[in-house]
$ cat protein33.cif   # mmCIF, C-alpha atoms
data_my_file
loop_
_atom_site.group_PDB
_atom_site.id
_atom_site.type_symbol
_atom_site.label_atom_id
_atom_site.label_comp_id
_atom_site.auth_asym_id
_atom_site.auth_seq_id
_atom_site.Cartn_x
_atom_site.Cartn_y
_atom_site.Cartn_z
ATOM 1 C CA MET A 1 -8.016 -13.164 -8.519
ATOM 2 C CA ARG A 2 -5.295 -10.618 -9.095
ATOM 3 C CA LEU A 3 -6.900 -7.309 -10.057
ATOM 4 C CA LEU A 4 -4.985 -4.331 -11.417
ATOM 5 C CA SER A 5 -5.361 -0.952 -13.110
ATOM 6 C CA TYR A 6 -3.263 0.085 -16.094
ATOM 7 C CA LEU A 7 -3.023 2.401 -19.078
ATOM 8 C CA ALA A 8 -4.279 1.263 -22.496
ATOM 9 C CA HIS A 9 -4.244 3.692 -25.438
ATOM 10 C CA GLY A 10 -3.755 6.536 -22.983
ATOM 11 C CA GLU A 11 -6.792 5.673 -20.863
ATOM 12 C CA ALA A 12 -7.128 3.944 -17.484
ATOM 13 C CA HIS A 13 -8.365 0.345 -17.695
ATOM 14 C CA TYR A 14 -8.674 -2.416 -15.129
ATOM 15 C CA GLY A 15 -8.230 -6.134 -15.512
ATOM 16 C CA ALA A 16 -7.337 -9.512 -14.068
ATOM 17 C CA VAL A 17 -3.910 -11.129 -14.206
ATOM 18 C CA ILE A 18 -3.968 -14.705 -15.519
ATOM 19 C CA ALA A 19 -1.306 -17.089 -16.811
ATOM 20 C CA GLY A 20 0.215 -15.447 -19.848
ATOM 21 C CA GLY A 21 -1.081 -11.919 -19.372
ATOM 22 C CA VAL A 22 -4.029 -9.703 -18.485
ATOM 23 C CA ILE A 23 -7.752 -9.914 -19.244
ATOM 24 C CA ASP A 24 -9.232 -6.474 -19.985
ATOM 25 C CA LEU A 25 -12.241 -6.229 -17.671
ATOM 26 C CA THR A 26 -12.968 -2.644 -18.752
ATOM 27 C CA ARG A 27 -13.846 -3.966 -22.182
ATOM 28 C CA ARG A 28 -15.723 -7.031 -20.938
ATOM 29 C CA ILE A 29 -17.750 -5.729 -17.967
ATOM 30 C CA GLY A 30 -16.993 -1.994 -17.923
ATOM 31 C CA ARG A 31 -20.589 -1.100 -18.773
ATOM 32 C CA ASP A 32 -21.559 -2.306 -15.295
ATOM 33 C CA PHE A 33 -18.425 -1.314 -13.349
ATOM 34 C CA ALA A 34 -16.533 1.776 -14.469
ATOM 35 C CA ASP A 35 -13.313 1.054 -12.584
ATOM 36 C CA LEU A 36 -11.867 -1.256 -9.974
ATOM 37 C CA LYS A 37 -13.315 0.700 -7.060
ATOM 38 C CA ALA A 38 -16.776 0.450 -8.635
ATOM 39 C CA LEU A 39 -16.239 -3.278 -9.183
ATOM 40 C CA ILE A 40 -15.394 -3.773 -5.505
ATOM 41 C CA ALA A 41 -18.235 -1.550 -4.297
ATOM 42 C CA GLY A 42 -20.737 -3.211 -6.610
ATOM 43 C CA GLU A 43 -19.835 -6.733 -5.502
ATOM 44 C CA GLY A 44 -18.617 -7.396 -9.011
ATOM 45 C CA LEU A 45 -16.013 -10.055 -8.222
ATOM 46 C CA ALA A 46 -18.323 -12.848 -9.377
ATOM 47 C CA ALA A 47 -18.895 -11.044 -12.672
ATOM 48 C CA ALA A 48 -15.143 -10.613 -13.056
ATOM 49 C CA ARG A 49 -14.530 -14.319 -12.471
ATOM 50 C CA THR A 50 -17.135 -15.204 -15.084
ATOM 51 C CA ALA A 51 -15.586 -12.762 -17.573
ATOM 52 C CA VAL A 52 -12.134 -14.297 -17.071
ATOM 53 C CA GLU A 53 -13.112 -17.953 -17.216
ATOM 54 C CA GLY A 54 -11.753 -19.719 -20.285
ATOM 55 C CA GLN A 55 -10.445 -16.520 -21.883
ATOM 56 C CA THR A 56 -7.036 -15.814 -23.382
ATOM 57 C CA PRO A 57 -5.104 -12.673 -22.369
ATOM 58 C CA ASP A 58 -5.833 -9.357 -24.016
ATOM 59 C CA HIS A 59 -2.423 -7.928 -23.074
ATOM 60 C CA ALA A 60 1.027 -9.101 -22.110
ATOM 61 C CA LEU A 61 1.671 -7.954 -18.546
ATOM 62 C CA GLU A 62 5.201 -6.809 -19.372
ATOM 63 C CA GLY A 63 3.970 -4.305 -21.929
ATOM 64 C CA LEU A 64 1.576 -2.440 -19.634
ATOM 65 C CA THR A 65 2.030 0.741 -17.624
ATOM 66 C CA LEU A 66 0.608 -0.166 -14.227
ATOM 67 C CA LEU A 67 -1.330 2.317 -12.104
ATOM 68 C CA PRO A 68 -2.179 2.097 -8.403
ATOM 69 C CA PRO A 69 -4.849 -0.654 -8.298
ATOM 70 C CA VAL A 70 -7.542 1.653 -6.851
ATOM 71 C CA LEU A 71 -7.169 4.962 -8.655
ATOM 72 C CA ALA A 72 -9.040 7.229 -6.240
ATOM 73 C CA PRO A 73 -9.572 5.676 -2.823
ATOM 74 C CA GLU A 74 -11.651 7.948 -0.626
ATOM 75 C CA LYS A 75 -9.297 7.191 2.273
ATOM 76 C CA LEU A 76 -5.666 6.120 2.179
ATOM 77 C CA TRP A 77 -4.917 5.453 5.851
ATOM 78 C CA CYS A 78 -1.313 4.854 6.934
ATOM 79 C CA ILE A 79 -0.333 3.234 10.224
ATOM 80 C CA GLY A 80 2.954 4.130 11.900
ATOM 81 C CA VAL A 81 5.075 2.168 14.403
ATOM 82 C CA ASN A 82 3.328 -1.194 14.089
ATOM 83 C CA TYR A 83 6.083 -3.838 14.187
ATOM 84 C CA ALA A 84 7.606 -5.064 17.416
ATOM 85 C CA GLU A 85 10.892 -3.107 17.492
ATOM 86 C CA ARG A 86 9.762 0.021 15.638
ATOM 87 C CA ASN A 87 8.996 1.937 18.842
ATOM 88 C CA ALA A 88 12.532 1.295 20.113
ATOM 89 C CA GLU A 89 13.996 2.783 16.906
ATOM 90 C CA TYR A 90 12.922 6.230 18.089
ATOM 91 C CA ARG A 91 15.230 5.969 21.160
ATOM 92 C CA ASP A 92 12.920 8.142 23.245
ATOM 93 C CA ASN A 93 12.322 5.605 26.052
ATOM 94 C CA SER A 94 8.597 5.789 25.420
ATOM 95 C CA GLU A 95 6.233 2.996 26.385
ATOM 96 C CA LEU A 96 4.622 0.819 23.734
ATOM 97 C CA PRO A 97 1.687 2.688 22.184
ATOM 98 C CA LYS A 98 -1.852 1.941 23.344
ATOM 99 C CA TYR A 99 -3.377 2.976 20.028
ATOM 100 C CA PRO A 100 -2.110 3.027 16.438
ATOM 101 C CA SER A 101 -0.319 6.077 15.069
ATOM 102 C CA LEU A 102 -2.234 7.315 12.052
ATOM 103 C CA PHE A 103 -1.874 9.712 9.133
ATOM 104 C CA VAL A 104 -3.326 9.970 5.626
ATOM 105 C CA ARG A 105 -1.841 10.220 2.148
ATOM 106 C CA SER A 106 -3.288 11.653 -1.033
ATOM 107 C CA PRO A 107 -3.589 9.473 -4.154
ATOM 108 C CA SER A 108 -1.307 11.911 -6.012
ATOM 109 C CA SER A 109 1.569 10.871 -3.745
ATOM 110 C CA MET A 110 1.449 7.308 -5.145
ATOM 111 C CA VAL A 111 2.394 5.742 -8.483
ATOM 112 C CA GLY A 112 1.986 2.192 -9.757
ATOM 113 C CA SER A 113 4.508 -0.608 -9.935
ATOM 114 C CA GLY A 114 7.115 -0.019 -12.623
ATOM 115 C CA GLN A 115 6.588 3.736 -12.645
ATOM 116 C CA SER A 116 9.323 6.039 -11.350
ATOM 117 C CA ILE A 117 9.153 7.533 -7.867
ATOM 118 C CA GLU A 118 10.553 11.039 -7.478
ATOM 119 C CA LYS A 119 13.193 12.428 -5.161
ATOM 120 C CA PRO A 120 11.961 16.000 -4.638
ATOM 121 C CA LYS A 121 14.080 19.034 -5.499
ATOM 122 C CA VAL A 122 13.868 20.396 -1.960
ATOM 123 C CA SER A 123 15.303 17.410 -0.085
ATOM 124 C CA GLU A 124 18.049 14.775 -0.117
ATOM 125 C CA GLN A 125 16.177 12.643 2.423
ATOM 126 C CA LEU A 126 13.797 10.455 0.395
ATOM 127 C CA ASP A 127 13.345 7.190 2.299
ATOM 128 C CA TYR A 128 11.624 3.847 1.637
ATOM 129 C CA GLU A 129 9.076 2.015 3.823
ATOM 130 C CA GLY A 130 7.822 -1.349 2.598
ATOM 131 C CA GLU A 131 4.319 -2.204 3.810
ATOM 132 C CA LEU A 132 1.381 -4.569 3.372
ATOM 133 C CA VAL A 133 -1.924 -2.959 2.428
ATOM 134 C CA ILE A 134 -5.503 -3.992 3.257
ATOM 135 C CA VAL A 135 -8.110 -3.037 0.650
ATOM 136 C CA ILE A 136 -11.617 -2.618 2.054
ATOM 137 C CA GLY A 137 -14.339 -4.497 0.190
ATOM 138 C CA LYS A 138 -17.462 -3.846 2.272
ATOM 139 C CA ARG A 139 -18.737 -0.638 3.821
ATOM 140 C CA GLY A 140 -18.864 -0.524 7.612
ATOM 141 C CA ARG A 141 -18.874 1.593 10.759
ATOM 142 C CA HIS A 142 -18.272 0.358 14.321
ATOM 143 C CA ILE A 143 -17.069 -2.979 12.948
ATOM 144 C CA PRO A 144 -16.370 -5.571 15.685
ATOM 145 C CA ARG A 145 -13.005 -7.299 15.428
ATOM 146 C CA GLU A 146 -14.681 -10.655 14.931
ATOM 147 C CA HIS A 147 -16.418 -9.295 11.795
ATOM 148 C CA ALA A 148 -13.444 -7.342 10.437
ATOM 149 C CA TRP A 149 -12.149 -10.051 8.100
ATOM 150 C CA SER A 150 -15.350 -10.048 6.068
ATOM 151 C CA HIS A 151 -14.751 -6.369 5.209
ATOM 152 C CA ILE A 152 -11.453 -7.060 3.424
ATOM 153 C CA CYS A 153 -11.536 -7.359 -0.371
ATOM 154 C CA GLY A 154 -7.866 -8.270 -0.627
ATOM 155 C CA MET A 155 -4.276 -7.145 -0.172
ATOM 156 C CA THR A 156 -1.575 -5.277 -2.058
ATOM 157 C CA LEU A 157 1.820 -3.680 -1.337
ATOM 158 C CA CYS A 158 3.123 -0.171 -0.711
ATOM 159 C CA ASN A 159 6.432 1.653 -0.691
ATOM 160 C CA GLU A 160 5.338 4.408 1.663
ATOM 161 C CA GLY A 161 8.025 6.831 0.490
ATOM 162 C CA THR A 162 8.871 9.487 3.054
ATOM 163 C CA VAL A 163 10.735 12.790 2.840
ATOM 164 C CA ARG A 164 12.266 12.744 6.295
ATOM 165 C CA ASP A 165 13.309 16.361 6.784
ATOM 166 C CA TRP A 166 9.774 17.503 5.953
ATOM 167 C CA LEU A 167 8.106 15.338 8.607
ATOM 168 C CA ARG A 168 8.429 17.913 11.406
ATOM 169 C CA HIS A 169 7.694 21.174 9.609
ATOM 170 C CA GLY A 170 4.562 21.468 11.721
ATOM 171 C CA LYS A 171 4.508 20.995 15.490
ATOM 172 C CA PHE A 172 2.197 17.986 15.648
ATOM 173 C CA ASN A 173 2.029 16.377 12.197
ATOM 174 C CA VAL A 174 3.970 14.384 9.607
ATOM 175 C CA THR A 175 1.656 15.140 6.687
ATOM 176 C CA GLN A 176 4.044 17.230 4.579
ATOM 177 C CA GLY A 177 6.786 14.608 4.454
ATOM 178 C CA LYS A 178 4.302 11.879 3.597
ATOM 179 C CA ASN A 179 2.569 13.558 0.659
ATOM 180 C CA PHE A 180 5.123 14.696 -1.897
ATOM 181 C CA ASP A 181 3.777 13.987 -5.379
ATOM 182 C CA ARG A 182 4.889 10.606 -6.747
ATOM 183 C CA SER A 183 7.073 9.878 -3.697
ATOM 184 C CA GLY A 184 5.551 6.437 -2.993
ATOM 185 C CA SER A 185 3.945 3.540 -4.800
ATOM 186 C CA VAL A 186 1.142 0.970 -4.489
ATOM 187 C CA GLY A 187 0.686 -2.304 -6.349
ATOM 188 C CA PRO A 188 1.297 -4.211 -8.449
ATOM 189 C CA TRP A 189 -2.244 -5.592 -8.002
ATOM 190 C CA ILE A 190 -4.841 -6.591 -5.419
ATOM 191 C CA VAL A 191 -4.896 -10.274 -4.526
ATOM 192 C CA THR A 192 -8.460 -11.032 -3.439
ATOM 193 C CA ALA A 193 -9.176 -12.569 -0.046
ATOM 194 C CA ASP A 194 -10.535 -15.801 -1.526
ATOM 195 C CA GLU A 195 -7.082 -16.454 -3.021
ATOM 196 C CA LEU A 196 -4.957 -15.027 -0.180
ATOM 197 C CA ASP A 197 -6.351 -15.212 3.355
ATOM 198 C CA PRO A 198 -5.705 -11.838 5.061
ATOM 199 C CA ARG A 199 -5.386 -13.634 8.412
ATOM 200 C CA GLY A 200 -1.940 -14.703 7.257
ATOM 201 C CA PRO A 201 0.742 -14.872 8.366
ATOM 202 C CA HIS A 202 2.259 -12.699 5.631
ATOM 203 C CA ASP A 203 5.894 -11.851 5.094
ATOM 204 C CA ILE A 204 7.196 -8.453 3.992
ATOM 205 C CA VAL A 205 10.635 -7.763 2.482
ATOM 206 C CA THR A 206 12.112 -4.501 1.163
ATOM 207 C CA ARG A 207 15.204 -4.449 -1.054
ATOM 208 C CA VAL A 208 17.200 -1.501 -2.379
ATOM 209 C CA ASN A 209 19.340 -2.383 -5.400
ATOM 210 C CA GLY A 210 18.948 -6.046 -4.452
ATOM 211 C CA GLU A 211 20.082 -5.577 -0.831
ATOM 212 C CA VAL A 212 17.562 -6.645 1.831
ATOM 213 C CA ARG A 213 16.876 -3.673 4.108
ATOM 214 C CA GLN A 214 13.608 -4.713 5.799
ATOM 215 C CA GLN A 215 12.177 -8.155 6.578
ATOM 216 C CA ASP A 216 9.407 -9.177 8.958
ATOM 217 C CA THR A 217 6.073 -10.979 9.303
ATOM 218 C CA THR A 218 2.563 -9.974 10.321
ATOM 219 C CA GLU A 219 2.833 -12.374 13.266
ATOM 220 C CA ARG A 220 4.761 -9.566 14.964
ATOM 221 C CA LEU A 221 2.319 -6.721 14.369
ATOM 222 C CA MET A 222 1.397 -4.774 17.505
ATOM 223 C CA PHE A 223 -1.953 -3.812 15.948
ATOM 224 C CA PRO A 224 -3.201 -6.675 13.711
ATOM 225 C CA PHE A 225 -5.394 -6.148 10.664
ATOM 226 C CA ASP A 226 -8.682 -6.905 12.432
ATOM 227 C CA MET A 227 -7.868 -4.497 15.249
ATOM 228 C CA LEU A 228 -7.027 -1.718 12.745
ATOM 229 C CA ILE A 229 -10.357 -2.148 10.982
ATOM 230 C CA ALA A 230 -12.270 -2.088 14.284
ATOM 231 C CA TYR A 231 -10.325 0.978 15.480
ATOM 232 C CA LEU A 232 -10.595 3.043 12.296
ATOM 233 C CA SER A 233 -14.274 2.250 11.832
ATOM 234 C CA THR A 234 -14.978 3.599 15.318
ATOM 235 C CA PHE A 235 -14.614 7.165 14.008
ATOM 236 C CA ALA A 236 -14.861 6.825 10.212
ATOM 237 C CA THR A 237 -16.997 4.798 7.826
ATOM 238 C CA LEU A 238 -14.792 2.411 5.880
ATOM 239 C CA LYS A 239 -15.833 2.213 2.227
ATOM 240 C CA PRO A 240 -15.013 -0.116 -0.666
ATOM 241 C CA GLY A 241 -11.662 0.783 -2.171
ATOM 242 C CA ASP A 242 -10.328 2.435 0.984
ATOM 243 C CA MET A 243 -6.772 1.315 1.721
ATOM 244 C CA ILE A 244 -5.056 0.731 5.056
ATOM 245 C CA VAL A 245 -1.257 0.773 4.793
ATOM 246 C CA THR A 246 -0.426 -1.320 7.837
ATOM 247 C CA GLY A 247 3.054 -0.229 8.947
ATOM 248 C CA THR A 248 6.693 -0.789 8.069
ATOM 249 C CA PRO A 249 9.275 -3.027 9.769
ATOM 250 C CA THR A 250 12.611 -1.831 11.149
ATOM 251 C CA GLY A 251 15.372 -1.015 8.695
ATOM 252 C CA ALA A 252 14.288 2.160 6.888
ATOM 253 C CA GLY A 253 17.127 4.267 5.526
ATOM 254 C CA ALA A 254 16.817 6.869 8.288
ATOM 255 C CA ARG A 255 17.769 4.265 10.903
ATOM 256 C CA PHE A 256 21.260 3.593 9.533
ATOM 257 C CA ASP A 257 24.325 5.493 10.782
ATOM 258 C CA PRO A 258 24.876 7.388 8.582
ATOM 259 C CA PRO A 259 21.387 7.376 7.008
ATOM 260 C CA ARG A 260 21.029 5.703 3.631
ATOM 261 C CA TRP A 261 18.753 7.950 1.583
ATOM 262 C CA LEU A 262 17.411 6.971 -1.822
ATOM 263 C CA LYS A 263 19.085 8.555 -4.828
ATOM 264 C CA PRO A 264 18.256 8.667 -8.540
ATOM 265 C CA GLY A 265 18.841 5.290 -10.173
ATOM 266 C CA ASP A 266 18.082 3.258 -7.044
ATOM 267 C CA VAL A 267 15.611 0.399 -7.462
ATOM 268 C CA VAL A 268 13.253 -0.295 -4.552
ATOM 269 C CA GLU A 269 11.419 -3.625 -4.373
ATOM 270 C CA VAL A 270 8.736 -4.512 -1.834
ATOM 271 C CA GLU A 271 7.751 -8.179 -1.842
ATOM 272 C CA SER A 272 5.374 -10.554 -0.090
ATOM 273 C CA ALA A 273 5.213 -14.197 -1.129
ATOM 274 C CA GLY A 274 1.452 -14.312 -1.583
ATOM 275 C CA ILE A 275 1.206 -11.029 -3.477
ATOM 276 C CA GLY A 276 4.278 -10.484 -5.631
ATOM 277 C CA VAL A 277 6.771 -7.653 -6.099
ATOM 278 C CA LEU A 278 6.207 -3.891 -6.186
ATOM 279 C CA ARG A 279 9.197 -2.428 -8.032
ATOM 280 C CA ASN A 280 10.106 1.220 -8.706
ATOM 281 C CA THR A 281 13.150 3.173 -9.836
ATOM 282 C CA VAL A 282 13.996 6.535 -8.255
ATOM 283 C CA ILE A 283 14.373 9.613 -10.467
ATOM 284 C CA ALA A 284 15.018 13.252 -9.634
ATOM 285 C CA GLU A 285 12.124 15.682 -9.816
ATOM 286 C CA GLN A 286 12.466 17.862 -12.906
#

$ encode --input "protein33.cif" --output "structure tokens"
Amino acid sequence: MRLLSYLAHGEAHYGAVIAGGVIDLTRRIGRDFADLKALIAGEGLAAARTAVEGQTPDHALEGLTLLPPVLAPEKLWCIGVNYAERNAEYRDNSELPKYPSLFVRSPSSMVGSGQSIEKPKVSEQLDYEGELVIVIGKRGRHIPREHAWSHICGMTLCNEGTVRDWLRHGKFNVTQGKNFDRSGSVGPWIVTADELDPRGPHDIVTRVNGEVRQQDTTERLMFPFDMLIAYLSTFATLKPGDMIVTGTPTGAGARFDPPRWLKPGDVVEVESAGIGVLRNTVIAEQ
């Protein structure tokens, strides 16, 4: 299934994408599962499949305002420097990392597909980072790698928008530059693991105004999905709805000479063949 969250009559709803549109699962099974995170946590995928079977769409997809699929994940983990040449981009002659780089983002820093992302007033250095996202479906701590796949509900996409000149305001962190309100996006929907095997391989492509800027495949990840789940669950309990943004390939705007920052009017598309396209237009913060 393809599960998404969206606005209907000014309220957040969730549903399933089918041929011709969207089935409103809030209306059909919302008494048992308040939102998509509750559906995942409550093992409600079977109920969702039953609710969708044989039904006609409640909405046309094109007419909906999409939200991030999981509205309030407890944890939104982001992995840095995870594709083969990313470490070399830093030109610091450092060895390949032994462990993943890690930071967190707040839900308020993300919008849904089709919504505008904002270039902040205080910077000209808004950058794009196209990434694949794992959505956790089953709670776990100290998860062995061989069991990691069973903890994945599905996958989605992220433009992990970054304000570059705010990354080093503190001595040891990147948090400020990664958490500007509405600077990134997630979506358009979650494709469940029974439809799209997380083991892959999965491609990832980022385009700005139709120009390909990033392109790679999960076959070249330094820290694969199962390893990330095992590693993160060593120190934190992974819970349904948690998201792991798994790293961006080479080719972000900061790596060009001169850098190619996003500006109002730019359209950023992140695509993976098995998931779809996450598309956002840049606007200036008011």

$ closest_residue --input "protein33.cif" --among "A:Leu96, A:Leu102, A:Val282, A:Leu61" --to "Asn159 (chain A)" --atoms "all atoms listed in the file"
A:Val282

$ closest_residue --input "protein33.cif" --among "A:Leu64, A:Leu232, A:Ala273, A:Met243" --to "Gly21 (chain A)" --atoms "all atoms listed in the file"
A:Leu64

$ resolve_selection --input "protein33.cif" --expression "the PyMOL selection byres ((chain A and resi 99) around 9)" --output "PyMOL selection string"
chain A and resi 97-98+100-101+223+231

$ resolve_selection --input "protein33.cif" --expression "the PyMOL selection byres ((chain A and resi 198) around 9)" --output "list in words"
Ile134, Trp149, Ile152, Gly154, Met155, Thr192, Ala193, Leu196, Asp197, Arg199, Gly200, Pro201, His202 and Phe225 of chain A

$ write_last_selection --input "protein33.cif" --atoms "C-alpha atoms" --output "CSV table (one decimal), in the frame of the given file"
chain,number,residue,atom,x,y,z
A,134,ILE,CA,-5.5,-4.0,3.3
A,149,TRP,CA,-12.1,-10.1,8.1
A,152,ILE,CA,-11.5,-7.1,3.4
A,154,GLY,CA,-7.9,-8.3,-0.6
A,155,MET,CA,-4.3,-7.1,-0.2
A,192,THR,CA,-8.5,-11.0,-3.4
A,193,ALA,CA,-9.2,-12.6,0.0
A,196,LEU,CA,-5.0,-15.0,-0.2
A,197,ASP,CA,-6.4,-15.2,3.4
A,199,ARG,CA,-5.4,-13.6,8.4
A,200,GLY,CA,-1.9,-14.7,7.3
A,201,PRO,CA,0.7,-14.9,8.4
A,202,HIS,CA,2.3,-12.7,5.6
A,225,PHE,CA,-5.4,-6.1,10.7

$ atom_distance --input "protein33.cif" --atom1 "CA of Gly54 (chain A)" --atom2 "CA of Ala34 (chain A)"
22.8 Å

$ atom_distance --input "protein33.cif" --atom1 "CA of Cys153 (chain A)" --atom2 "CA of Tyr83 (chain A)"
23.1 Å

$ residues_around --input "protein33.cif" --residues "Arg279 (chain A)" --least-positions-apart "6" --cutoff "7 Å" --atoms "all atoms listed in the file" --output "list in words"
Ser113, Gly114, Val268, Glu269 and Val270 of chain A

$ resolve_selection --input "protein33.cif" --expression "the PyMOL selection byres ((chain A and resi 212) around 12)" --output "list in words"
Gly130, Ile204, Val205, Thr206, Arg207, Val208, Asn209, Gly210, Glu211, Arg213, Gln214, Gln215, Asp216, Thr250, Gly251, Ala252, Gly253, Val267, Val268, Glu269, Val270 and Glu271 of chain A

$ residues_near_point --input "protein33.cif" --point "(-8.5, -10.6, -5.8)" --cutoff "6 Å" --atoms "all atoms listed in the file" --output "list in words"
Met1, Arg2, Leu3, Gly154, Ile190, Val191 and Thr192 of chain A

$ residues_around --input "protein33.cif" --residues "Gly276 (chain A)" --least-positions-apart "2" --cutoff "9 Å" --atoms "all atoms listed in the file" --output "PyMOL selection string"
chain A and resi 156-157+187-189+270-274+278

$ write_last_selection --input "protein33.cif" --atoms "C-alpha atoms" --output "mmCIF file, in the frame of the given file"
data_model
loop_
_atom_site.group_PDB
_atom_site.id
_atom_site.type_symbol
_atom_site.label_atom_id
_atom_site.label_comp_id
_atom_site.auth_asym_id
_atom_site.auth_seq_id
_atom_site.Cartn_x
_atom_site.Cartn_y
_atom_site.Cartn_z
ATOM 1 C CA THR A 156 -1.575 -5.277 -2.058
ATOM 2 C CA LEU A 157 1.820 -3.680 -1.337
ATOM 3 C CA GLY A 187 0.686 -2.304 -6.349
ATOM 4 C CA PRO A 188 1.297 -4.211 -8.449
ATOM 5 C CA TRP A 189 -2.244 -5.592 -8.002
ATOM 6 C CA VAL A 270 8.736 -4.512 -1.834
ATOM 7 C CA GLU A 271 7.751 -8.179 -1.842
ATOM 8 C CA SER A 272 5.374 -10.554 -0.090
ATOM 9 C CA ALA A 273 5.213 -14.197 -1.129
ATOM 10 C CA GLY A 274 1.452 -14.312 -1.583
ATOM 11 C CA LEU A 278 6.207 -3.891 -6.186
#

$ closest_residue --input "protein33.cif" --among "A:Asp32, A:Asp181, A:Asp58, A:Asp203" --to "Ser106 (chain A)" --atoms "all atoms listed in the file"
A:Asp181

$ atom_distance --input "protein33.cif" --atom1 "CA of Arg141 (chain A)" --atom2 "CA of Lys75 (chain A)"
14.0 Å

$ closest_residue --input "protein33.cif" --among "A:Gly265, A:Pro240, A:Gly137, A:Pro249" --to "Ala284 (chain A)" --atoms "all atoms listed in the file"
A:Gly265

$ closest_residue --input "protein33.cif" --among "A:Arg182, A:His142, A:His151, A:Ala60" --to "Ser109 (chain A)" --atoms "only C-alpha atoms"
A:Arg182

$ residues_around --input "protein33.cif" --residues "Gln286 (chain A)" --least-positions-apart "4" --cutoff "9 Å" --atoms "only C-alpha atoms" --output "PDB file with C-alpha atoms, in the coordinates of the input"
ATOM      1  CA  GLU A 118      10.553  11.039  -7.478  1.00  0.00           C
ATOM      2  CA  PRO A 120      11.961  16.000  -4.638  1.00  0.00           C
ATOM      3  CA  LYS A 121      14.080  19.034  -5.499  1.00  0.00           C
TER       4      LYS A 121
END

$ closest_residue --input "protein33.cif" --among "A:Arg105, A:Arg27, A:Lys138, A:Arg220" --to "Trp77 (chain A)" --atoms "all atoms listed in the file"
A:Arg105

$ build_atoms --input "protein33.cif" --residues "region 233-248 of chain A" --atoms "N, CA and C atoms" --output "short mmCIF file (atom, residue, chain, number, x, y, z; two decimals), in the coordinates of the input"
data_model
loop_
_atom_site.label_atom_id
_atom_site.label_comp_id
_atom_site.auth_asym_id
_atom_site.auth_seq_id
_atom_site.Cartn_x
_atom_site.Cartn_y
_atom_site.Cartn_z
N SER A 233 -12.84 2.14 12.08
CA SER A 233 -14.27 2.25 11.83
C SER A 233 -15.03 2.80 13.03
N THR A 234 -14.36 2.96 14.16
CA THR A 234 -14.98 3.60 15.32
C THR A 234 -15.28 5.07 15.03
N PHE A 235 -14.40 5.74 14.27
CA PHE A 235 -14.61 7.16 14.01
C PHE A 235 -14.87 7.49 12.55
N ALA A 236 -14.67 6.55 11.63
CA ALA A 236 -14.86 6.82 10.21
C ALA A 236 -15.49 5.62 9.53
N THR A 237 -16.40 5.87 8.62
CA THR A 237 -17.00 4.80 7.83
C THR A 237 -15.97 4.30 6.82
N LEU A 238 -15.67 3.01 6.87
CA LEU A 238 -14.79 2.41 5.88
C LEU A 238 -15.62 2.06 4.65
N LYS A 239 -15.08 2.40 3.47
CA LYS A 239 -15.83 2.21 2.23
C LYS A 239 -15.03 1.36 1.25
N PRO A 240 -15.73 0.69 0.33
CA PRO A 240 -15.01 -0.12 -0.67
C PRO A 240 -13.95 0.69 -1.41
N GLY A 241 -12.78 0.11 -1.52
CA GLY A 241 -11.66 0.78 -2.17
C GLY A 241 -10.76 1.54 -1.23
N ASP A 242 -11.22 1.82 0.00
CA ASP A 242 -10.33 2.44 0.98
C ASP A 242 -9.14 1.51 1.23
N MET A 243 -7.99 2.09 1.48
CA MET A 243 -6.77 1.32 1.72
C MET A 243 -6.22 1.62 3.10
N ILE A 244 -5.74 0.59 3.77
CA ILE A 244 -5.06 0.73 5.06
C ILE A 244 -3.64 0.21 4.87
N VAL A 245 -2.67 1.12 4.91
CA VAL A 245 -1.26 0.77 4.79
C VAL A 245 -0.78 0.46 6.21
N THR A 246 -0.39 -0.77 6.48
CA THR A 246 -0.43 -1.32 7.84
C THR A 246 0.84 -1.19 8.66
N GLY A 247 1.85 -0.46 8.16
CA GLY A 247 3.05 -0.23 8.95
C GLY A 247 4.28 -0.87 8.33
N THR A 248 5.44 -0.31 8.64
CA THR A 248 6.69 -0.79 8.07
C THR A 248 7.57 -1.41 9.13
#
